[in-house]
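To be precise, the following lines are final-v6.tsv, and they hold TSV, C-alpha atoms.
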```tsv
chain	number	residue	atom	x	y	z
A	1023	GLY	CA	35.73	-28.03	-52.62
A	1024	GLN	CA	37.77	-29.22	-49.69
A	1025	GLN	CA	40.99	-27.29	-49.08
A	1026	LEU	CA	43.99	-29.04	-47.62
A	1027	ASN	CA	46.61	-26.79	-46.10
A	1028	GLN	CA	50.06	-28.24	-46.55
A	1029	SER	CA	53.16	-26.74	-44.98
A	1030	PRO	CA	55.80	-25.74	-45.45
A	1031	GLN	CA	55.47	-24.75	-49.09
A	1032	SER	CA	59.18	-25.33	-49.68
A	1033	MET	CA	62.22	-26.55	-47.77
A	1034	PHE	CA	65.95	-26.31	-48.37
A	1035	ILE	CA	67.94	-28.67	-46.18
A	1036	GLN	CA	71.40	-30.15	-45.88
A	1037	GLU	CA	71.92	-33.79	-46.73
A	1038	GLY	CA	71.58	-35.90	-43.59
A	1039	GLU	CA	69.02	-33.63	-41.93
A	1040	ASP	CA	65.56	-34.76	-40.93
A	1041	VAL	CA	62.47	-33.26	-42.59
A	1042	SER	CA	58.95	-32.71	-41.27
A	1043	MET	CA	55.88	-31.55	-43.12
A	1044	ASN	CA	52.20	-31.58	-42.32
A	1045	CYS	CA	48.77	-31.30	-43.80
A	1046	THR	CA	45.53	-30.08	-42.24
A	1047	SER	CA	41.92	-30.21	-43.36
A	1048	SER	CA	38.78	-28.38	-42.34
A	1049	SER	CA	36.79	-31.58	-41.99
A	1050	ILE	CA	37.27	-35.10	-40.69
A	1051	PHE	CA	39.07	-37.55	-42.95
A	1052	ASN	CA	39.04	-41.35	-42.92
A	1053	THR	CA	42.09	-41.75	-45.16
A	1054	TRP	CA	45.37	-39.86	-45.46
A	1055	LEU	CA	47.86	-40.49	-48.27
A	1056	TRP	CA	51.35	-39.17	-48.94
A	1057	TYR	CA	52.92	-38.96	-52.41
A	1058	LYS	CA	56.20	-37.90	-54.00
A	1059	GLN	CA	56.28	-36.36	-57.46
A	1060	ASP	CA	59.41	-36.00	-59.57
A	1061	PRO	CA	59.56	-33.48	-62.47
A	1062	GLY	CA	57.62	-34.67	-65.50
A	1063	GLU	CA	56.20	-37.67	-63.68
A	1064	GLY	CA	52.98	-38.59	-61.95
A	1065	PRO	CA	52.70	-38.80	-58.16
A	1066	VAL	CA	53.96	-42.00	-56.56
A	1067	LEU	CA	52.22	-43.26	-53.44
A	1068	LEU	CA	54.55	-43.43	-50.43
A	1069	ILE	CA	52.35	-44.17	-47.43
A	1070	ALA	CA	48.63	-44.76	-46.80
A	1071	LEU	CA	46.96	-44.25	-43.40
A	1072	TYR	CA	43.46	-45.42	-42.46
A	1073	LYS	CA	43.07	-45.01	-38.69
A	1074	ALA	CA	43.35	-42.08	-36.31
A	1075	GLY	CA	46.67	-42.26	-34.49
A	1076	GLU	CA	48.13	-44.72	-36.99
A	1077	LEU	CA	51.90	-44.45	-37.45
A	1078	THR	CA	53.32	-46.08	-40.57
A	1079	SER	CA	56.87	-46.26	-41.92
A	1080	ASN	CA	58.30	-46.86	-45.36
A	1081	GLY	CA	62.07	-46.96	-45.08
A	1082	ARG	CA	63.26	-43.55	-43.88
A	1083	LEU	CA	59.74	-42.14	-44.22
A	1084	THR	CA	57.25	-42.12	-41.37
A	1085	ALA	CA	53.72	-40.74	-41.53
A	1086	GLN	CA	51.03	-40.34	-38.90
A	1087	PHE	CA	47.27	-40.00	-39.04
A	1088	GLY	CA	46.42	-37.24	-36.57
A	1089	ILE	CA	44.21	-38.08	-33.61
A	1090	THR	CA	41.76	-35.29	-34.48
A	1091	ARG	CA	41.40	-36.89	-37.96
A	1092	LYS	CA	41.95	-33.44	-39.45
A	1093	ASP	CA	45.70	-33.63	-39.93
A	1094	SER	CA	48.61	-35.81	-40.95
A	1095	PHE	CA	52.38	-35.59	-40.73
A	1096	LEU	CA	55.26	-36.89	-42.83
A	1097	ASN	CA	58.82	-37.19	-41.57
A	1098	ILE	CA	61.89	-38.06	-43.60
A	1099	SER	CA	64.96	-39.05	-41.64
A	1100	ALA	CA	68.58	-38.63	-42.74
A	1101	SER	CA	67.70	-37.00	-46.08
A	1102	ILE	CA	69.64	-37.87	-49.22
A	1103	PRO	CA	69.83	-36.10	-52.61
A	1104	SER	CA	67.28	-38.45	-54.22
A	1105	ASP	CA	64.65	-37.23	-51.74
A	1106	VAL	CA	64.39	-34.07	-53.84
A	1107	GLY	CA	60.91	-33.58	-55.25
A	1108	ILE	CA	57.44	-32.37	-54.38
A	1109	TYR	CA	55.56	-34.15	-51.62
A	1110	PHE	CA	51.78	-34.13	-51.60
A	1111	CYS	CA	49.28	-35.11	-49.01
A	1112	ALA	CA	45.82	-36.29	-49.97
A	1113	GLY	CA	42.81	-37.32	-48.02
A	1114	ARG	CA	39.26	-38.52	-48.22
A	1115	GLU	CA	36.40	-37.04	-46.24
A	1116	VAL	CA	34.08	-39.32	-44.35
A	1117	SER	CA	31.15	-37.76	-46.18
A	1118	THR	CA	32.34	-37.70	-49.80
A	1119	GLY	CA	33.08	-41.37	-50.36
A	1120	ASN	CA	35.23	-41.82	-53.42
A	1121	GLN	CA	36.78	-38.40	-53.86
A	1122	PHE	CA	40.33	-37.64	-52.74
A	1123	TYR	CA	41.49	-34.08	-52.11
A	1124	PHE	CA	45.11	-33.03	-52.49
A	1125	GLY	CA	47.32	-30.55	-50.72
A	1126	THR	CA	49.30	-27.91	-52.60
A	1127	GLY	CA	52.61	-29.69	-52.09
A	1128	THR	CA	55.92	-29.22	-50.29
A	1129	SER	CA	58.93	-28.73	-52.54
A	1130	LEU	CA	62.02	-30.33	-51.00
A	1131	THR	CA	65.56	-29.45	-52.00
A	1132	VAL	CA	68.44	-31.39	-50.47
A	1133	ILE	CA	71.83	-29.73	-50.60
A	1134	PRO	CA	74.71	-32.24	-50.77
X	673	ASN	CA	52.97	-54.45	-66.62
X	674	ALA	CA	52.60	-51.05	-68.23
X	675	GLY	CA	50.46	-49.70	-65.37
X	676	VAL	CA	48.58	-46.52	-66.30
X	677	THR	CA	49.36	-45.19	-69.78
X	678	GLN	CA	48.39	-41.72	-70.91
X	679	THR	CA	48.59	-40.33	-74.44
X	680	PRO	CA	49.61	-37.88	-75.70
X	681	LYS	CA	52.32	-36.56	-73.36
X	682	PHE	CA	52.15	-33.07	-74.83
X	683	GLN	CA	49.46	-31.26	-76.80
X	684	VAL	CA	48.83	-27.71	-78.03
X	685	LEU	CA	45.28	-26.77	-78.99
X	686	LYS	CA	43.68	-23.66	-80.35
X	687	THR	CA	40.75	-22.19	-78.46
X	688	GLY	CA	37.56	-23.93	-79.52
X	689	GLN	CA	39.18	-27.13	-80.73
X	690	SER	CA	38.16	-30.46	-79.28
X	691	MET	CA	40.31	-33.42	-78.37
X	692	THR	CA	40.41	-36.61	-76.33
X	693	LEU	CA	43.04	-37.48	-73.76
X	694	GLN	CA	43.53	-41.21	-73.61
X	695	CYS	CA	44.06	-43.28	-70.46
X	696	ALA	CA	44.47	-47.04	-70.30
X	697	GLN	CA	45.36	-49.38	-67.44
X	698	ASP	CA	46.23	-53.05	-67.59
X	699	MET	CA	45.75	-53.91	-63.91
X	700	ASN	CA	42.02	-54.70	-64.13
X	701	HIS	CA	41.28	-51.87	-61.69
X	702	GLU	CA	37.68	-50.87	-61.16
X	703	TYR	CA	38.30	-47.26	-60.13
X	704	MET	CA	39.72	-44.68	-62.55
X	705	SER	CA	39.97	-40.92	-62.17
X	706	TRP	CA	41.07	-37.80	-64.02
X	707	TYR	CA	42.83	-34.93	-62.24
X	708	ARG	CA	44.26	-31.62	-63.36
X	709	GLN	CA	47.33	-30.08	-61.76
X	710	ASP	CA	47.87	-26.33	-61.86
X	711	PRO	CA	50.75	-24.30	-60.38
X	712	GLY	CA	50.28	-23.57	-56.69
X	713	MET	CA	47.30	-25.88	-56.41
X	714	GLY	CA	46.89	-29.50	-55.53
X	715	LEU	CA	45.53	-32.04	-57.94
X	716	ARG	CA	41.82	-31.49	-58.48
X	717	LEU	CA	39.42	-34.24	-59.44
X	718	ILE	CA	37.61	-33.75	-62.76
X	719	HIS	CA	35.65	-36.97	-63.24
X	720	TYR	CA	35.88	-40.47	-61.91
X	721	SER	CA	34.48	-43.94	-62.55
X	722	VAL	CA	33.86	-46.82	-60.16
X	723	GLY	CA	33.45	-49.37	-62.94
X	724	ALA	CA	32.59	-49.89	-66.59
X	725	GLY	CA	29.48	-47.95	-67.51
X	726	ILE	CA	29.56	-45.77	-64.39
X	727	THR	CA	30.95	-42.24	-64.23
X	728	ASP	CA	30.52	-39.30	-61.87
X	729	GLN	CA	31.62	-35.71	-61.57
X	730	GLY	CA	34.44	-34.55	-59.37
X	731	GLU	CA	35.36	-31.11	-58.11
X	732	VAL	CA	35.96	-29.38	-61.49
X	733	PRO	CA	33.93	-31.18	-64.21
X	734	ASN	CA	32.83	-28.24	-66.39
X	735	GLY	CA	34.12	-28.39	-69.96
X	736	TYR	CA	35.01	-32.08	-69.78
X	737	ASN	CA	33.22	-35.30	-70.64
X	738	VAL	CA	34.14	-38.90	-69.87
X	739	SER	CA	32.91	-42.37	-70.68
X	740	ARG	CA	33.85	-45.84	-69.41
X	741	SER	CA	32.87	-48.44	-71.97
X	742	THR	CA	35.56	-50.91	-70.84
X	743	THR	CA	37.40	-51.55	-67.59
X	744	GLU	CA	40.73	-50.70	-69.24
X	745	ASP	CA	40.00	-47.32	-70.84
X	746	PHE	CA	38.84	-43.99	-69.45
X	747	PRO	CA	39.13	-41.19	-72.05
X	748	LEU	CA	38.70	-37.53	-71.16
X	749	ARG	CA	37.13	-35.30	-73.79
X	750	LEU	CA	37.50	-31.54	-74.10
X	751	LEU	CA	34.53	-30.38	-76.13
X	752	SER	CA	35.65	-26.81	-76.87
X	753	ALA	CA	39.08	-26.03	-75.45
X	754	ALA	CA	39.59	-22.81	-73.50
X	755	PRO	CA	42.82	-21.21	-72.24
X	756	SER	CA	41.66	-21.94	-68.68
X	757	GLN	CA	42.06	-25.63	-69.47
X	758	THR	CA	45.80	-25.24	-69.91
X	759	SER	CA	47.10	-27.66	-67.32
X	760	VAL	CA	48.78	-30.98	-66.67
X	761	TYR	CA	46.27	-33.82	-66.65
X	762	PHE	CA	46.76	-37.04	-64.71
X	763	CYS	CA	44.83	-40.25	-64.94
X	764	ALA	CA	44.80	-42.60	-61.95
X	765	SER	CA	43.51	-46.06	-61.23
X	766	ARG	CA	42.99	-48.27	-58.17
X	767	GLN	CA	41.42	-51.59	-57.32
X	768	ASP	CA	39.24	-50.38	-54.47
X	769	GLY	CA	38.03	-47.16	-52.93
X	770	ASN	CA	40.65	-46.89	-50.22
X	771	THR	CA	43.73	-45.56	-51.96
X	772	GLU	CA	44.50	-43.51	-55.08
X	773	ALA	CA	47.45	-45.67	-55.91
X	774	PHE	CA	48.58	-45.53	-59.53
X	775	PHE	CA	49.05	-42.43	-61.64
X	776	GLY	CA	49.99	-42.07	-65.27
X	777	GLN	CA	52.84	-39.82	-66.37
X	778	GLY	CA	50.56	-36.98	-67.30
X	779	THR	CA	49.50	-35.01	-70.38
X	780	ARG	CA	50.69	-31.42	-70.57
X	781	LEU	CA	48.03	-29.46	-72.44
X	782	THR	CA	48.37	-25.88	-73.65
X	783	VAL	CA	45.40	-24.02	-75.11
X	784	VAL	CA	46.26	-20.88	-77.07
```
Rewrite the coordinates I just gave you, this time as structure tokens.
Amino acid sequence: GQQLNQSPQSMFIQEGEDVSMNCTSSSIFNTWLWYKQDPGEGPVLLIALYKAGELTSNGRLTAQFGITRKDSFLNISASIPSDVGIYFCAGREVSTGNQFYFGTGTSLTVIP
Amino acid sequence: NAGVTQTPKFQVLKTGQSMTLQCAQDMNHEYMSWYRQDPGMGLRLIHYSVGAGITDQGEVPNGYNVSRSTTEDFPLRLLSAAPSQTSVYFCASRQDGNTEAFFGQGTRLTVV
């Protein structure tokens, strides 16, 4: 199946710092999604992107659909302790229709 | 609204036993999916359904069966549990094909 490379695998940052993570695929995608997962919970959708170059914000979170259609980026500004969790990217290939593929996750720790 | 409800939350099975993981949604969504989440890997699609009476295989379907007799319910059956099926299972639902939006809280399954 499709492999999504998500980096970094983990991050330890000070409260107030900005965070950047990215996701790349080996094929062209028509949808990129970003999720946050807390321990013992299911993923919660943060941002959805549908067009190459699209830049979308949700509060302190901003995500971009890469122009090549093979990557996406998530930025978190001015991090706070409740940002702690695992962030996943997911995407859908142009050719596979209804299936979404997920990245391996970025574990974020915010130090107060 | 309850959203997506999964039962049970935890389950231990012996190798060879069978069981059904339940998933119900009250949002009248057409699309429902089952994923498994393993350490170090992203969520992987097992089976999905685009409407009542219609199911299809995802990336890792072997050892699992599904049915979709109603819009609300999408049970996942393990026919003969194996240790390799030890995982956390998530059910998801969405109204259309564009976004995997709503996840349940997960079922943590251990096969011994």
Would you be able to write out as an mmCIF file with C-alpha atoms, keeping the file's coordinate frame which residues have an atom within 10 Å of (71.0, -25.5, -44.9) in the file's coordinates, counting all atoms listed in the file?
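Contents of result-v8.cif, freshly written:
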```cif
data_model
loop_
_atom_site.group_PDB
_atom_site.id
_atom_site.type_symbol
_atom_site.label_atom_id
_atom_site.label_comp_id
_atom_site.auth_asym_id
_atom_site.auth_seq_id
_atom_site.Cartn_x
_atom_site.Cartn_y
_atom_site.Cartn_z
ATOM 1 C CA MET A 1033 62.220 -26.550 -47.770
ATOM 2 C CA PHE A 1034 65.950 -26.310 -48.370
ATOM 3 C CA ILE A 1035 67.940 -28.670 -46.180
ATOM 4 C CA GLN A 1036 71.400 -30.150 -45.880
ATOM 5 C CA GLU A 1037 71.920 -33.790 -46.730
ATOM 6 C CA GLU A 1039 69.020 -33.630 -41.930
ATOM 7 C CA THR A 1131 65.560 -29.450 -52.000
ATOM 8 C CA VAL A 1132 68.440 -31.390 -50.470
ATOM 9 C CA ILE A 1133 71.830 -29.730 -50.600
ATOM 10 C CA PRO A 1134 74.710 -32.240 -50.770
#
```
For the atom pair CA of Gln1028 (chain A) and CA of Asp728 (chain X), what is the interatomic distance in Å to one decimal place?
27.2 Å
Only residues of chain A matter here; which ones have an atom within 6 Å of chain X, counting all atoms listed in the file? Give them as a ChimeraX atom specification.
/A:1063-1064,1067,1124-1126
Contact residues around Ser1101 (chain A) with only C-alpha atoms at 7 Å, ignoring same-chain residues under 2 positions, as a ChimeraX atom specification:
/A:1037-1040,1098-1099,1103,1105
Just the selected residues (C-alpha atoms), exported as a PDB file, in the coordinates of the input, please.
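Contents of the output file result.pdb:
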```pdb
ATOM      1  CA  GLU A1037      71.920 -33.790 -46.730  1.00  0.00           C
ATOM      2  CA  GLY A1038      71.580 -35.900 -43.590  1.00  0.00           C
ATOM      3  CA  GLU A1039      69.020 -33.630 -41.930  1.00  0.00           C
ATOM      4  CA  ASP A1040      65.560 -34.760 -40.930  1.00  0.00           C
ATOM      5  CA  ILE A1098      61.890 -38.060 -43.600  1.00  0.00           C
ATOM      6  CA  SER A1099      64.960 -39.050 -41.640  1.00  0.00           C
ATOM      7  CA  PRO A1103      69.830 -36.100 -52.610  1.00  0.00           C
ATOM      8  CA  ASP A1105      64.650 -37.230 -51.740  1.00  0.00           C
TER       9      ASP A1105
END
```
May I have the residues within 8 Å of Ser1094 (chain A) as a ChimeraX atom specification, using only C-alpha atoms and disregarding those fewer than 6 positions away in the same chain?
/A:1044-1046,1054,1085-1088
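Each of A:Ala1100, A:Ile1069, A:Leu1077, A:Val1041 was compared to Thr1128 (chain A) using only C-alpha atoms, and A:Val1041 turns out to be the nearest.
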Calculate how many Å separate CA of Gln1024 (chain A) from CA of Val738 (chain X), rounding to one decimal.
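CA of Val738 (chain X) lies 22.7 Å from CA of Gln1024 (chain A).
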Taking into account all atoms listed in the file, which residue in the set X:Val684, X:Ala696, X:Met691, X:Met704 is nearest to Ser759 (chain X)?
X:Val684
Ser1048 (chain A): which residues within 8 Å, counting all atoms listed in the file, same-chain residues fewer than 3 positions away excluded, as a list in words?
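That gives Gln1024, Gln1025, Leu1026 and Lys1092 of chain A.
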Using only C-alpha atoms, which residues sit within 9 Å of Ser739 (chain X) once same-chain residues fewer than 6 positions away are excluded, as a VMD selection string?
chain X and resid 721 724 to 727 745 to 749
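CA of Asn1080 (chain A) is found 22.0 Å from CA of Ser1032 (chain A).
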I want to know what sits within 6 Å of Trp1056 (chain A), based on all atoms listed in the file, with residues of the same chain fewer than 5 positions away left out; could you give that as a list of chain:residue names?
A:Leu1068, A:Ile1069, A:Phe1110, A:Cys1111
Selected residue, from X:Ala674, X:Glu702, X:Ser752, X:Asn734, that lies nearest to Gly688 (chain X) when counting all atoms listed in the file
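That would be X:Ser752, the residue with the smallest distance to Gly688 (chain X).
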Could you check which of A:Ala1074, A:Ile1089, A:Ala1112, A:Leu1083 is closest to Tyr1057 (chain A), using all atoms listed in the file?
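The shortest atom-to-atom distance to Tyr1057 (chain A) comes from A:Ala1112.
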